[in-house]
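Beneath this line is the structure, given in structure tokens, with notes to follow.
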Amino acid sequence: MSGPLKLGFMPLDDAAGLIVAKALGFFADEGLDVELSREASWATIRDKVAVGALDGAHMLAPMVLAQSLGIGSEATAMIAPLALATDGAAITLSARLGLGPSPTGVGLADLVAQRRDMDASLLTFGVVFPFSTHNYLLRLWVAQAGLDPDRDVRIVVAPPPRMAGLLAGGVIEGFCVGEPWNAVAVNAGAGVVAARGAAIAPGAPDKVFGVTRAWAEANPVVLQALLRALLRALAWADSPENREALATLLAEPQHVGVASDAIAAGLKHVVFHRGGVTRPDPAQAMWLLDQMRRWGQIAPGADVEAALSVYAPQMHDQAAVLA
Amino acid sequence: MAEGLAGVDPLEVRHRPVYDEAEAAAFAPDVVVVATESPDRDTIDSLRDASLANPRPVVMFVDRSEPGLAEAAVRAGVAAYVVDGLAPGRVRGVLEVAMSRFQLMNQLRKDLDKAKADLVSRKTIERAKALLMKERGLEEAQAYNLLRKLSMDTGRPLGAVAADLLAFAGVLKGDAS
């Protein structure tokens, strides 16, 4: 391999695995020269990994499945050998909706009904990507409130760092996004958290470390070294005694670039390592495929087997033995 | 863009720093070219799936008929979305112009970023050096050598070591900012 490995990430608390592994030398300990690249959009991460401009990245688990199925982009066979975080997402509603300090789905349903009677416009919610756990969590929550996510509200896509601003500006009335962007909206007084991902679908898969299958097959030794370094970094990030240092590190402008108190507030909800969450369990891929099917993103005849093989728990387990 | 679309009549090219869905819906462009470094990309990308939100289907142009073009465009930092029906040859022209412009702009931006970072780093090192000279009574060369040793021992850039030193000095003096 020539030159440093290039790994991409989005500015989110759950990019901690990559950021910690680089900053604290876990990659270097494995003899890996890694360059991190902060990216502006998920679509760009997906495309850069597909064409090899990035060797691997912090990716949305359902985006990786969709990419392998050729939905929303050219088909690229992908591998997800490691889950980077779980439970870090939340639904935040605009404080202006007047649904109180802890809004409920029932409150939202009442508001939607009132607005319908007044012929007011549909409430607009932001999610981070069509193929994202955030889209599915929001839809589940809205559906649990007895509403139809495709008819009773409007769902748009916006990048995580812009959510709080869109909410404060009144462009959207709510969003589902990973931390620290809920904490940022709450700290700014613009938003109120209505539901945590952990309460809607506990342990739902969120971010994975993704590489192309071709890259994984061409670089099995490097991949194992990356996974060991990332596993150690995730264990470090999950230790309560390291959380303050983690918040400071993530707050740096080249990482997430948000005040460390907002980062720290968001980190309380993210699980990086404990409870075996790093293992990419095919049952989770199945859950995601069910969501994709439920919301009409994949056809009934889609090659589910191919999508399931994206999750590579055996690569994880091999690395975990030595990490 | 106009260069790549030479000969198309009527032709109107609009540049916007931020994607405006309402304007795009009203203007109904035949092709949307976006920098992959733009945070708006996911929004535009998602419109392909949201037929309700946008009555005009946008399709990522780069398809199998032009092998290598998608890769070249991604590496150059360009993504293009065109409405079905614009002749592929036209889009190729647009993309080629966009790619050469983006490469030039990216290079300029990188050079500027690097120059800025170098300047900040140099100032930080100067301040750390001055602190060491004052607090430890070192000569300038000794202070610099100490910083360089810290940098080599920790495997971190000189600027980062200097920034840490200044931060710690602030904390020790009770200035937590």
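Chain labels A, B, ... are given in the sequence in which chains occur in the structure tokens; within each chain residues are numbered consecutively from 1, and ligands are likewise numbered from 1 in the order shown.
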
Residues of range 24-102 of chain A in strand (DSSP E), written as a VMD selection string: chain A and resid 34 to 38 56 to 60 78 to 86 89 to 94

Distance filter 6 Å, only C-alpha atoms, chain A against chain B, as a PyMOL selection string: chain A and resi 40-41+43-44+51+157-158

Would you save the residues of that selection, restricted to C-alpha atoms, as a PDB file, in the first residue's frame?
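Final output, again05.pdb:
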```
ATOM      1  CA  ALA A  40     -19.486  17.438   4.326  1.00  0.00           C
ATOM      2  CA  SER A  41     -22.108  14.902   3.288  1.00  0.00           C
ATOM      3  CA  ALA A  43     -23.400  10.975  -0.286  1.00  0.00           C
ATOM      4  CA  THR A  44     -19.840  12.185  -0.723  1.00  0.00           C
ATOM      5  CA  VAL A  51     -14.231   5.010  -6.178  1.00  0.00           C
ATOM      6  CA  VAL A 157     -32.884  15.674   4.218  1.00  0.00           C
ATOM      7  CA  ALA A 158     -30.276  18.023   5.678  1.00  0.00           C
TER       8      ALA A 158
END
```

Range 250-254 of chain A environment, 8 Å, only C-alpha atoms, sequence neighbours closer than 6 positions dropped, as an NGL selection string: :A and (13 or 16 or 19 or 38 or 260 or 263)

Output C-alpha atoms for every residue in that selection, as a tab-separated table (two decimals), in the first residue's frame.
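The resulting file, selection12.tsv, is shown below:
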```tsv
chain	number	residue	atom	x	y	z
A	13	ASP	CA	-19.93	12.20	18.39
A	16	ALA	CA	-15.12	9.02	18.02
A	19	ILE	CA	-10.82	10.30	15.82
A	38	ARG	CA	-13.80	15.34	7.55
A	260	SER	CA	-17.29	20.63	24.53
A	263	ILE	CA	-20.44	17.27	23.04
```

Close residues, Ile172 in chain A itself excluded, 8 Å, only C-alpha atoms, min 6 positions apart in chain, as a PyMOL selection string: chain A and resi 94+123-126+166

Please produce an output containing C-alpha atoms for each residue in the selection, written as a PDB file, in the first residue's frame.
```pdb
ATOM      1  CA  SER A  94     -38.833  23.054  17.861  1.00  0.00           C
ATOM      2  CA  LEU A 123     -44.898  20.105   9.794  1.00  0.00           C
ATOM      3  CA  THR A 124     -41.455  19.512   8.310  1.00  0.00           C
ATOM      4  CA  PHE A 125     -38.871  17.185   9.844  1.00  0.00           C
ATOM      5  CA  GLY A 126     -35.220  16.837   8.927  1.00  0.00           C
ATOM      6  CA  LEU A 166     -32.702  25.084  10.341  1.00  0.00           C
TER       7      LEU A 166
END
```

Quick one: DSSP alpha helix (DSSP H) residues in range 19-153 of chain A, as an mmCIF file with N, CA and C atoms, in the first residue's frame?
```cif
data_model
loop_
_atom_site.group_PDB
_atom_site.id
_atom_site.type_symbol
_atom_site.label_atom_id
_atom_site.label_comp_id
_atom_site.auth_asym_id
_atom_site.auth_seq_id
_atom_site.Cartn_x
_atom_site.Cartn_y
_atom_site.Cartn_z
ATOM 1 N N ILE A 19 -11.530 9.121 15.331
ATOM 2 C CA ILE A 19 -10.820 10.302 15.825
ATOM 3 C C ILE A 19 -9.881 9.923 16.976
ATOM 4 N N VAL A 20 -10.379 9.081 17.890
ATOM 5 C CA VAL A 20 -9.559 8.639 19.028
ATOM 6 C C VAL A 20 -8.395 7.772 18.549
ATOM 7 N N ALA A 21 -8.685 6.854 17.633
ATOM 8 C CA ALA A 21 -7.632 5.943 17.158
ATOM 9 C C ALA A 21 -6.490 6.719 16.512
ATOM 10 N N LYS A 22 -6.842 7.805 15.837
ATOM 11 C CA LYS A 22 -5.814 8.638 15.202
ATOM 12 C C LYS A 22 -5.086 9.487 16.253
ATOM 13 N N ALA A 23 -5.863 10.224 17.065
ATOM 14 C CA ALA A 23 -5.265 11.210 17.979
ATOM 15 C C ALA A 23 -4.472 10.549 19.104
ATOM 16 N N PHE A 26 -3.676 4.853 18.520
ATOM 17 C CA PHE A 26 -4.042 3.434 18.387
ATOM 18 C C PHE A 26 -3.733 2.919 16.971
ATOM 19 N N PHE A 27 -3.909 3.783 15.980
ATOM 20 C CA PHE A 27 -3.539 3.385 14.608
ATOM 21 C C PHE A 27 -2.019 3.217 14.525
ATOM 22 N N ALA A 28 -1.312 4.206 15.068
ATOM 23 C CA ALA A 28 0.158 4.179 15.004
ATOM 24 C C ALA A 28 0.699 2.930 15.699
ATOM 25 N N ASP A 29 0.065 2.531 16.818
ATOM 26 C CA ASP A 29 0.510 1.330 17.537
ATOM 27 C C ASP A 29 0.442 0.085 16.657
ATOM 28 N N TRP A 42 -22.998 12.684 3.529
ATOM 29 C CA TRP A 42 -22.971 11.223 3.481
ATOM 30 C C TRP A 42 -22.827 10.728 2.048
ATOM 31 N N ALA A 43 -23.479 11.412 1.114
ATOM 32 C CA ALA A 43 -23.400 10.975 -0.286
ATOM 33 C C ALA A 43 -21.957 11.037 -0.777
ATOM 34 N N THR A 44 -21.231 12.042 -0.305
ATOM 35 C CA THR A 44 -19.840 12.185 -0.723
ATOM 36 C C THR A 44 -18.974 11.090 -0.116
ATOM 37 N N ILE A 45 -19.231 10.753 1.146
ATOM 38 C CA ILE A 45 -18.508 9.638 1.769
ATOM 39 C C ILE A 45 -18.773 8.359 0.968
ATOM 40 N N ARG A 46 -20.045 8.107 0.678
ATOM 41 C CA ARG A 46 -20.411 6.903 -0.074
ATOM 42 C C ARG A 46 -19.665 6.841 -1.414
ATOM 43 N N ASP A 47 -19.681 7.971 -2.146
ATOM 44 C CA ASP A 47 -19.068 7.980 -3.483
ATOM 45 C C ASP A 47 -17.547 7.882 -3.402
ATOM 46 N N LYS A 48 -16.967 8.566 -2.418
ATOM 47 C CA LYS A 48 -15.504 8.523 -2.308
ATOM 48 C C LYS A 48 -15.019 7.123 -1.940
ATOM 49 N N VAL A 49 -15.750 6.448 -1.068
ATOM 50 C CA VAL A 49 -15.362 5.074 -0.728
ATOM 51 C C VAL A 49 -15.533 4.186 -1.965
ATOM 52 N N ALA A 50 -16.610 4.395 -2.698
ATOM 53 C CA ALA A 50 -16.880 3.550 -3.871
ATOM 54 C C ALA A 50 -15.767 3.653 -4.913
ATOM 55 N N VAL A 51 -15.247 4.852 -5.125
ATOM 56 C CA VAL A 51 -14.231 5.010 -6.178
ATOM 57 C C VAL A 51 -12.805 4.914 -5.637
ATOM 58 N N ALA A 61 -25.189 2.786 8.586
ATOM 59 C CA ALA A 61 -25.367 1.359 8.295
ATOM 60 C C ALA A 61 -26.336 1.113 7.127
ATOM 61 N N PRO A 62 -27.515 1.758 7.113
ATOM 62 C CA PRO A 62 -28.428 1.477 5.990
ATOM 63 C C PRO A 62 -27.919 2.017 4.646
ATOM 64 N N MET A 63 -27.105 3.061 4.689
ATOM 65 C CA MET A 63 -26.533 3.583 3.444
ATOM 66 C C MET A 63 -25.623 2.536 2.816
ATOM 67 N N VAL A 64 -24.870 1.838 3.654
ATOM 68 C CA VAL A 64 -23.958 0.809 3.163
ATOM 69 C C VAL A 64 -24.750 -0.344 2.535
ATOM 70 N N LEU A 65 -25.876 -0.691 3.162
ATOM 71 C CA LEU A 65 -26.721 -1.758 2.589
ATOM 72 C C LEU A 65 -27.306 -1.304 1.257
ATOM 73 N N ALA A 66 -27.815 -0.071 1.218
ATOM 74 C CA ALA A 66 -28.421 0.456 -0.006
ATOM 75 C C ALA A 66 -27.398 0.504 -1.134
ATOM 76 N N GLN A 67 -26.184 0.901 -0.775
ATOM 77 C CA GLN A 67 -25.105 1.000 -1.758
ATOM 78 C C GLN A 67 -24.808 -0.385 -2.349
ATOM 79 N N SER A 68 -24.817 -1.390 -1.494
ATOM 80 C CA SER A 68 -24.545 -2.745 -1.974
ATOM 81 C C SER A 68 -25.663 -3.256 -2.876
ATOM 82 N N LEU A 69 -26.881 -2.779 -2.608
ATOM 83 C CA LEU A 69 -28.030 -3.192 -3.423
ATOM 84 C C LEU A 69 -28.176 -2.314 -4.671
ATOM 85 N N GLY A 105 -45.550 11.855 21.378
ATOM 86 C CA GLY A 105 -46.158 11.565 20.093
ATOM 87 C C GLY A 105 -47.637 11.965 20.076
ATOM 88 N N VAL A 106 -48.288 11.783 21.217
ATOM 89 C CA VAL A 106 -49.705 12.156 21.303
ATOM 90 C C VAL A 106 -49.857 13.663 21.095
ATOM 91 N N GLY A 107 -48.955 14.420 21.751
ATOM 92 C CA GLY A 107 -48.982 15.874 21.602
ATOM 93 C C GLY A 107 -48.783 16.274 20.152
ATOM 94 N N LEU A 108 -47.867 15.584 19.488
ATOM 95 C CA LEU A 108 -47.599 15.881 18.083
ATOM 96 C C LEU A 108 -48.830 15.566 17.231
ATOM 97 N N ALA A 109 -49.466 14.412 17.503
ATOM 98 C CA ALA A 109 -50.637 14.015 16.718
ATOM 99 C C ALA A 109 -51.766 15.042 16.866
ATOM 100 N N ASP A 110 -51.954 15.550 18.103
ATOM 101 C CA ASP A 110 -52.980 16.576 18.325
ATOM 102 C C ASP A 110 -52.671 17.825 17.512
ATOM 103 N N LEU A 111 -51.405 18.211 17.530
ATOM 104 C CA LEU A 111 -50.991 19.407 16.804
ATOM 105 C C LEU A 111 -51.200 19.236 15.296
ATOM 106 N N VAL A 112 -50.844 18.048 14.799
ATOM 107 C CA VAL A 112 -51.024 17.778 13.365
ATOM 108 C C VAL A 112 -52.510 17.863 13.004
ATOM 109 N N ALA A 113 -53.372 17.332 13.873
ATOM 110 C CA ALA A 113 -54.816 17.375 13.613
ATOM 111 C C ALA A 113 -55.324 18.817 13.617
ATOM 112 N N GLN A 114 -54.865 19.589 14.604
ATOM 113 C CA GLN A 114 -55.269 21.009 14.667
ATOM 114 C C GLN A 114 -54.856 21.748 13.404
ATOM 115 N N ARG A 115 -53.629 21.523 13.002
ATOM 116 C CA ARG A 115 -53.118 22.228 11.829
ATOM 117 C C ARG A 115 -53.860 21.809 10.567
ATOM 118 N N ARG A 116 -54.260 20.542 10.526
ATOM 119 C CA ARG A 116 -55.013 20.075 9.362
ATOM 120 C C ARG A 116 -56.351 20.816 9.294
ATOM 121 N N ASP A 117 -56.995 20.966 10.467
ATOM 122 C CA ASP A 117 -58.279 21.668 10.516
ATOM 123 C C ASP A 117 -58.136 23.124 10.083
ATOM 124 N N THR A 133 -30.660 5.367 9.866
ATOM 125 C CA THR A 133 -31.432 4.915 11.016
ATOM 126 C C THR A 133 -32.324 6.057 11.504
ATOM 127 N N HIS A 134 -31.829 7.289 11.335
ATOM 128 C CA HIS A 134 -32.586 8.473 11.776
ATOM 129 C C HIS A 134 -33.907 8.603 11.043
ATOM 130 N N ASN A 135 -33.886 8.340 9.737
ATOM 131 C CA ASN A 135 -35.126 8.366 8.959
ATOM 132 C C ASN A 135 -36.102 7.324 9.509
ATOM 133 N N TYR A 136 -35.593 6.123 9.786
ATOM 134 C CA TYR A 136 -36.474 5.044 10.251
ATOM 135 C C TYR A 136 -36.970 5.297 11.670
ATOM 136 N N LEU A 137 -36.099 5.828 12.542
ATOM 137 C CA LEU A 137 -36.524 6.120 13.922
ATOM 138 C C LEU A 137 -37.619 7.178 13.920
ATOM 139 N N LEU A 138 -37.433 8.217 13.104
ATOM 140 C CA LEU A 138 -38.443 9.271 13.043
ATOM 141 C C LEU A 138 -39.771 8.696 12.537
ATOM 142 N N ARG A 139 -39.686 7.882 11.489
ATOM 143 C CA ARG A 139 -40.901 7.291 10.917
ATOM 144 C C ARG A 139 -41.606 6.385 11.923
ATOM 145 N N LEU A 140 -40.805 5.598 12.672
ATOM 146 C CA LEU A 140 -41.409 4.722 13.679
ATOM 147 C C LEU A 140 -42.134 5.540 14.745
ATOM 148 N N TRP A 141 -41.474 6.606 15.176
ATOM 149 C CA TRP A 141 -42.039 7.434 16.247
ATOM 150 C C TRP A 141 -43.321 8.130 15.771
ATOM 151 N N VAL A 142 -43.263 8.642 14.549
ATOM 152 C CA VAL A 142 -44.441 9.313 13.984
ATOM 153 C C VAL A 142 -45.580 8.301 13.795
ATOM 154 N N ALA A 143 -45.222 7.107 13.325
ATOM 155 C CA ALA A 143 -46.239 6.078 13.106
ATOM 156 C C ALA A 143 -46.849 5.612 14.431
ATOM 157 N N GLN A 144 -45.998 5.518 15.474
ATOM 158 C CA GLN A 144 -46.503 5.121 16.792
ATOM 159 C C GLN A 144 -47.512 6.133 17.322
#
```

Which residue of A:Arg96, A:Arg151, A:His269, A:His58 approaches Glu173 in chain A most closely, using only C-alpha atoms: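 Closest to Glu173 in chain A of all the choices is A:Arg96.
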
Option closest in space to Asp33 in chain A, from A:Val256, A:Leu226, A:Val211, A:Ala320 [counting only C-alpha atoms]: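 That would be A:Leu226, the residue with the smallest distance to Asp33 in chain A.
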
Contacts of Val310 in chain A within 6 Å, only C-alpha atoms, excl. fewer than 4 positions in-chain, as a ChimeraX atom specification: /A:78-80
